[in-house]
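Notes follow once the structure below has been shown.
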Amino acid sequence: MDFAQLALYFYGTVLVASAVAVVTLRNPVRSALFLILAFFSAACVWITLEAEFLAIVLVLVYVGAVMVLFLFIVMMLDINLDRLREGFTRYLPIGFLVALVMVVEMILVFSTDEFSVEQFPRPDPHLSDYSNVRELGSLLYTTYVLPFELAALILLVAIIAAISLTHRRRSGTLHQNPADQVKVKSSDRLRVVKMAASPQVEQTEITHEEER
Amino acid sequence: MNIDLNIAAALPEMILATMACLILLIDAFYGNRYRQLTCWTSIATLLLVALLAASDISTQSDVAFGGMYFDDPLGNLLKAAIFLSTAVVFLYSREYLEQRDIQSGEFYVLGLFGALGMSIMASAGNFLTIYLGLELLALSLYALVAFNRKSDRSTEAAMKYFVLGAIASGILLYGLSILYGLTGTLDITGVSTALANSEVNNQAITLALVFIVVSLAFKLGAVPFHMWLPDVYQGSPTATTLYLGSAPKLAAFAMIMRLLVGGLENFHSSWQEMLVILAILSMGAGNLIAIAQTNIKRMLAYSTISHMGFFLLGILSATETGYSASLFYVMVYSVMALGTFGMILLFSRRGFEAEELSDFKGLGQHHPWYAFLMLLLMFSMAGVPPTVGFYAKLSVIRSVLQVELVWVAVVAVLFAVVGAFYYLRVIKLVYFDHAEGEALIVESPVANKVMLSINVLALIVVLPWMGEIISFCTEVITSLAG
């Protein structure tokens, strides 16, 4: 067993263990932290499989951005754990039964010759000037151009949906409208009222209109 | 690398995607000043792409994007139907959204993107494209179900739909990944040839099939994966229910044709058994539970479940006649769904939803024309002879008889009789009962009334051309298999 293989098994074990911890731990913050560990181990597994670029992206995007946001939200929300756990024991037997059946089925299927190690021979290692990014790029923009564009549209729909479901104009709150502020003229703000001259005091009324 | 992209084949999708983005911008800049602009441009776009897809129906099959996209008669027919029904949905919804103060451009933009997802599914040539089309549709639908933010019901429905839909997508991906492991390709024709040529383990294929069929059943709302459907139908704004109940059923048919028939037809004996169970349970549970409902949207949700059971009958017979019967059934069903939910929208007005069955009491005295339309709709749903619904039911049951599954046909007929009860009950309420309190008022614009009349009358006017329509469906299906 060479070092790369050893590393693969090590990170694989860590990945599975931390994934188990994510779903079994009581404290949601700890679950989130273990999820980060799981992502990180997955990235390490990918590196041993020569997918360096994807591994870096996984760390950057998921660990760096998504999980940090996730942790923020978990910490800021006051989640009532007892209510989340309601019915857990009630559904445990049936859930366990279903999981057991599925595990047995999967073992039966995946232990057949179809999925044996011989069916998937180890590919030759790439040369040192092999570029992961170039390969990915050329595939994404040729063979997979349609799925790539569709994925972009899905992200667009997600943005539209998120904004249309959360954006609202509350009445009573103060907010700026930069366009109106730029377009404003002196006549909008200042009204000069001429009055007939009188022997008493000469009056000029200046009114300031507050921005709405 | 040299692949033939043949981008021109996907012209309708490209126009639709571009216009959806444009309409989003138009709405952001002019939406407040011209309130109807977004709606009408969306409808115009949909009619244009429907025309493009329809003009392409009789052309030969073609692939684009290196096999990711099929440009064939089935895809084009379904696309034209999907675009047309989405346009009708927008027309009916306009007034409803206006009355509830949730008229905003996002409804139409999300609807357009949903239609795009459906059309991608209709002409998908690769498992990846099917999945992405499905997600595009599903994400738009989740947002549309939650569209009425002020309503708790709507939010709850969206949450249920989202969680269950995500699980179903995960299940589908798992099934597809097993297939990928077995064949080494995601291409539908590639999978089909790989499975035909090699000595693949039957057990592994069956496991993959179970996951795929389960996720399809989830999306269709077939029993026992139907739990989300009544809550979502009842909870979402009626405009969304209308959308949800019509066009996505056509897309589901496309997905079944691509996945089960295109990719896995060699294993039809395996999925046939699964579909028999789903179909029998759906027809049974759907029809029996619908009897107990008092809310018409909920009743129609259960009726959808039973219709999906009938629709599966054609597919499970695994013959060309069966597939074309199912195609015919699902097209007739979407016209009926548009009509019935359109009727509920017609009688809804500001502060009032015509949602309860009792709201329709005495309709015959006050609005004889709409009562007549309701009668046609209910007869068609129940499958009473002069309407198209009868021919739809007849053709799926006949296709089951052809493969000698007589007991399935007998069960189907029995449950159709059970179902007739609650459809006829609506007719009884409409014609033989007196209105409780004030009668229903129709405030909808003329365009909606005319469109609804055309929509419902289509169920009986097409009768003289019934033979042509059915043979056209068969032709479309044969061109796919051949």
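Labeling convention for the structure tokens: chains A, B, ... as they appear, residues from 1 per chain, ligands from 1 in order of appearance.
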
Using only C-alpha atoms, tabulate the residues of chain A lying at most 6 Å from any atom of chain B, each with its closest atom pair and that distance in Å to one decimal, by chain and increasing residue number, as a Markdown table.
```
| residue | atom | partner | partner_atom | distance |
| --- | --- | --- | --- | --- |
| A:Val109 | CA | B:Ala204 | CA | 5.4 |
| A:Pro147 | CA | B:Thr129 | CA | 5.9 |
| A:Ile154 | CA | B:Leu136 | CA | 5.3 |
| A:Ala161 | CA | B:Ala143 | CA | 5.5 |
```

Alpha helix (DSSP H) per DSSP on the backbone: members of region 133-189 of chain A, as a ChimeraX atom specification: /A:133-140,145-166,178-183,186-189

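If you look at CA of Asp124 (chain A) and CA of Leu176 (chain B), they are 26.4 Å away from each other.
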
Neighbour list for Leu288 (chain B) as a VMD selection string, cut-off 9 Å, only C-alpha atoms, skip fewer than 6 positions in-chain: chain B and resid 302 415 418 to 419

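Using only C-alpha atoms, the smallest distance between any of B:Tyr333, B:Asp231, B:Val210, B:Leu250 and Glu273 (chain B) comes from B:Val210.
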
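From CA of Phe115 (chain A) back to CA of Phe3 (chain A), the distance works out to 24.9 Å.
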
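Residues surrounding Leu51 (chain B) within 10 Å are Pro12, Thr45, Leu46, Leu47, Leu48, Val49, Ala53, Ala54, Ser55, Asp56, Lys79, Ala80, Phe83 and Leu84 of chain B [only C-alpha atoms; sequence separation below 2 positions excluded].
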
Write the residues you've just listed into a file as a CSV table (one decimal), in the first residue's frame, and include all heavy atoms for each of them.
```csv
chain,number,residue,atom,x,y,z
B,12,PRO,N,-36.5,27.2,-30.1
B,12,PRO,CA,-37.6,27.7,-29.2
B,12,PRO,C,-37.0,27.9,-27.8
B,12,PRO,O,-37.3,28.9,-27.2
B,12,PRO,CB,-38.5,26.5,-29.2
B,12,PRO,CG,-38.3,25.8,-30.5
B,12,PRO,CD,-36.9,26.0,-30.8
B,45,THR,N,-44.6,35.8,-26.1
B,45,THR,CA,-43.4,34.9,-26.3
B,45,THR,C,-43.8,33.5,-26.3
B,45,THR,O,-43.3,32.7,-27.2
B,45,THR,CB,-42.5,35.1,-25.1
B,45,THR,OG1,-42.3,36.5,-24.9
B,45,THR,CG2,-41.2,34.4,-25.3
B,46,LEU,N,-44.7,33.1,-25.4
B,46,LEU,CA,-45.1,31.7,-25.4
B,46,LEU,C,-45.8,31.2,-26.6
B,46,LEU,O,-45.5,30.2,-27.2
B,46,LEU,CB,-46.0,31.4,-24.2
B,46,LEU,CG,-45.2,31.3,-22.8
B,46,LEU,CD1,-46.2,31.4,-21.7
B,46,LEU,CD2,-44.4,30.1,-22.8
B,47,LEU,N,-46.6,32.1,-27.2
B,47,LEU,CA,-47.3,31.8,-28.4
B,47,LEU,C,-46.3,31.6,-29.6
B,47,LEU,O,-46.4,30.7,-30.4
B,47,LEU,CB,-48.4,32.8,-28.8
B,47,LEU,CG,-49.6,32.9,-27.8
B,47,LEU,CD1,-50.5,33.9,-28.2
B,47,LEU,CD2,-50.3,31.5,-27.8
B,48,LEU,N,-45.3,32.5,-29.6
B,48,LEU,CA,-44.3,32.5,-30.6
B,48,LEU,C,-43.5,31.1,-30.6
B,48,LEU,O,-43.4,30.4,-31.6
B,48,LEU,CB,-43.4,33.6,-30.5
B,48,LEU,CG,-42.1,33.6,-31.4
B,48,LEU,CD1,-42.6,33.9,-32.8
B,48,LEU,CD2,-41.1,34.6,-31.0
B,49,VAL,N,-43.0,30.8,-29.4
B,49,VAL,CA,-42.3,29.6,-29.3
B,49,VAL,C,-43.1,28.3,-29.5
B,49,VAL,O,-42.7,27.3,-30.1
B,49,VAL,CB,-41.5,29.5,-28.0
B,49,VAL,CG1,-40.3,30.4,-28.0
B,49,VAL,CG2,-42.3,29.7,-26.8
B,53,ALA,N,-42.3,25.5,-32.2
B,53,ALA,CA,-42.2,24.1,-31.9
B,53,ALA,C,-43.2,23.3,-32.8
B,53,ALA,O,-42.9,22.3,-33.3
B,53,ALA,CB,-42.5,23.9,-30.5
B,54,ALA,N,-44.4,23.9,-33.0
B,54,ALA,CA,-45.5,23.2,-33.7
B,54,ALA,C,-45.1,23.1,-35.2
B,54,ALA,O,-45.4,22.1,-35.8
B,54,ALA,CB,-46.8,23.9,-33.5
B,55,SER,N,-44.4,24.1,-35.7
B,55,SER,CA,-44.1,24.0,-37.1
B,55,SER,C,-43.0,23.0,-37.4
B,55,SER,O,-42.8,22.6,-38.5
B,55,SER,CB,-43.6,25.4,-37.6
B,55,SER,OG,-42.4,25.7,-37.0
B,56,ASP,N,-42.4,22.5,-36.3
B,56,ASP,CA,-41.3,21.6,-36.4
B,56,ASP,C,-41.7,20.1,-36.2
B,56,ASP,O,-40.9,19.2,-36.2
B,56,ASP,CB,-40.2,22.0,-35.4
B,56,ASP,CG,-38.8,21.8,-36.0
B,56,ASP,OD1,-38.7,21.6,-37.2
B,56,ASP,OD2,-37.9,21.8,-35.2
B,79,LYS,N,-43.7,20.1,-26.5
B,79,LYS,CA,-43.3,21.5,-26.2
B,79,LYS,C,-44.4,22.5,-26.6
B,79,LYS,O,-44.7,23.4,-25.8
B,79,LYS,CB,-42.0,21.8,-27.0
B,79,LYS,CG,-40.8,21.7,-26.2
B,79,LYS,CD,-39.6,22.1,-27.0
B,79,LYS,CE,-39.0,21.0,-27.7
B,79,LYS,NZ,-37.8,21.4,-28.5
B,80,ALA,N,-45.0,22.2,-27.8
B,80,ALA,CA,-46.0,23.1,-28.3
B,80,ALA,C,-47.2,23.1,-27.3
B,80,ALA,O,-47.7,24.2,-26.9
B,80,ALA,CB,-46.5,22.7,-29.6
B,83,PHE,N,-46.1,25.0,-24.0
B,83,PHE,CA,-46.1,26.5,-24.1
B,83,PHE,C,-47.5,27.0,-24.2
B,83,PHE,O,-47.8,28.0,-23.6
B,83,PHE,CB,-45.3,26.9,-25.4
B,83,PHE,CG,-43.8,26.5,-25.3
B,83,PHE,CD1,-43.1,26.2,-26.5
B,83,PHE,CD2,-43.2,26.5,-24.1
B,83,PHE,CE1,-41.8,25.8,-26.4
B,83,PHE,CE2,-41.8,26.2,-24.0
B,83,PHE,CZ,-41.1,25.9,-25.2
B,84,LEU,N,-48.4,26.3,-25.0
B,84,LEU,CA,-49.7,26.8,-25.1
B,84,LEU,C,-50.4,26.8,-23.8
B,84,LEU,O,-51.1,27.8,-23.4
B,84,LEU,CB,-50.5,25.9,-26.1
B,84,LEU,CG,-50.5,26.3,-27.6
B,84,LEU,CD1,-51.3,25.4,-28.4
B,84,LEU,CD2,-50.9,27.8,-27.7
```

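Here CA of Ala179 (chain A) and CA of Ile26 (chain B) stand 18.4 Å from one another.
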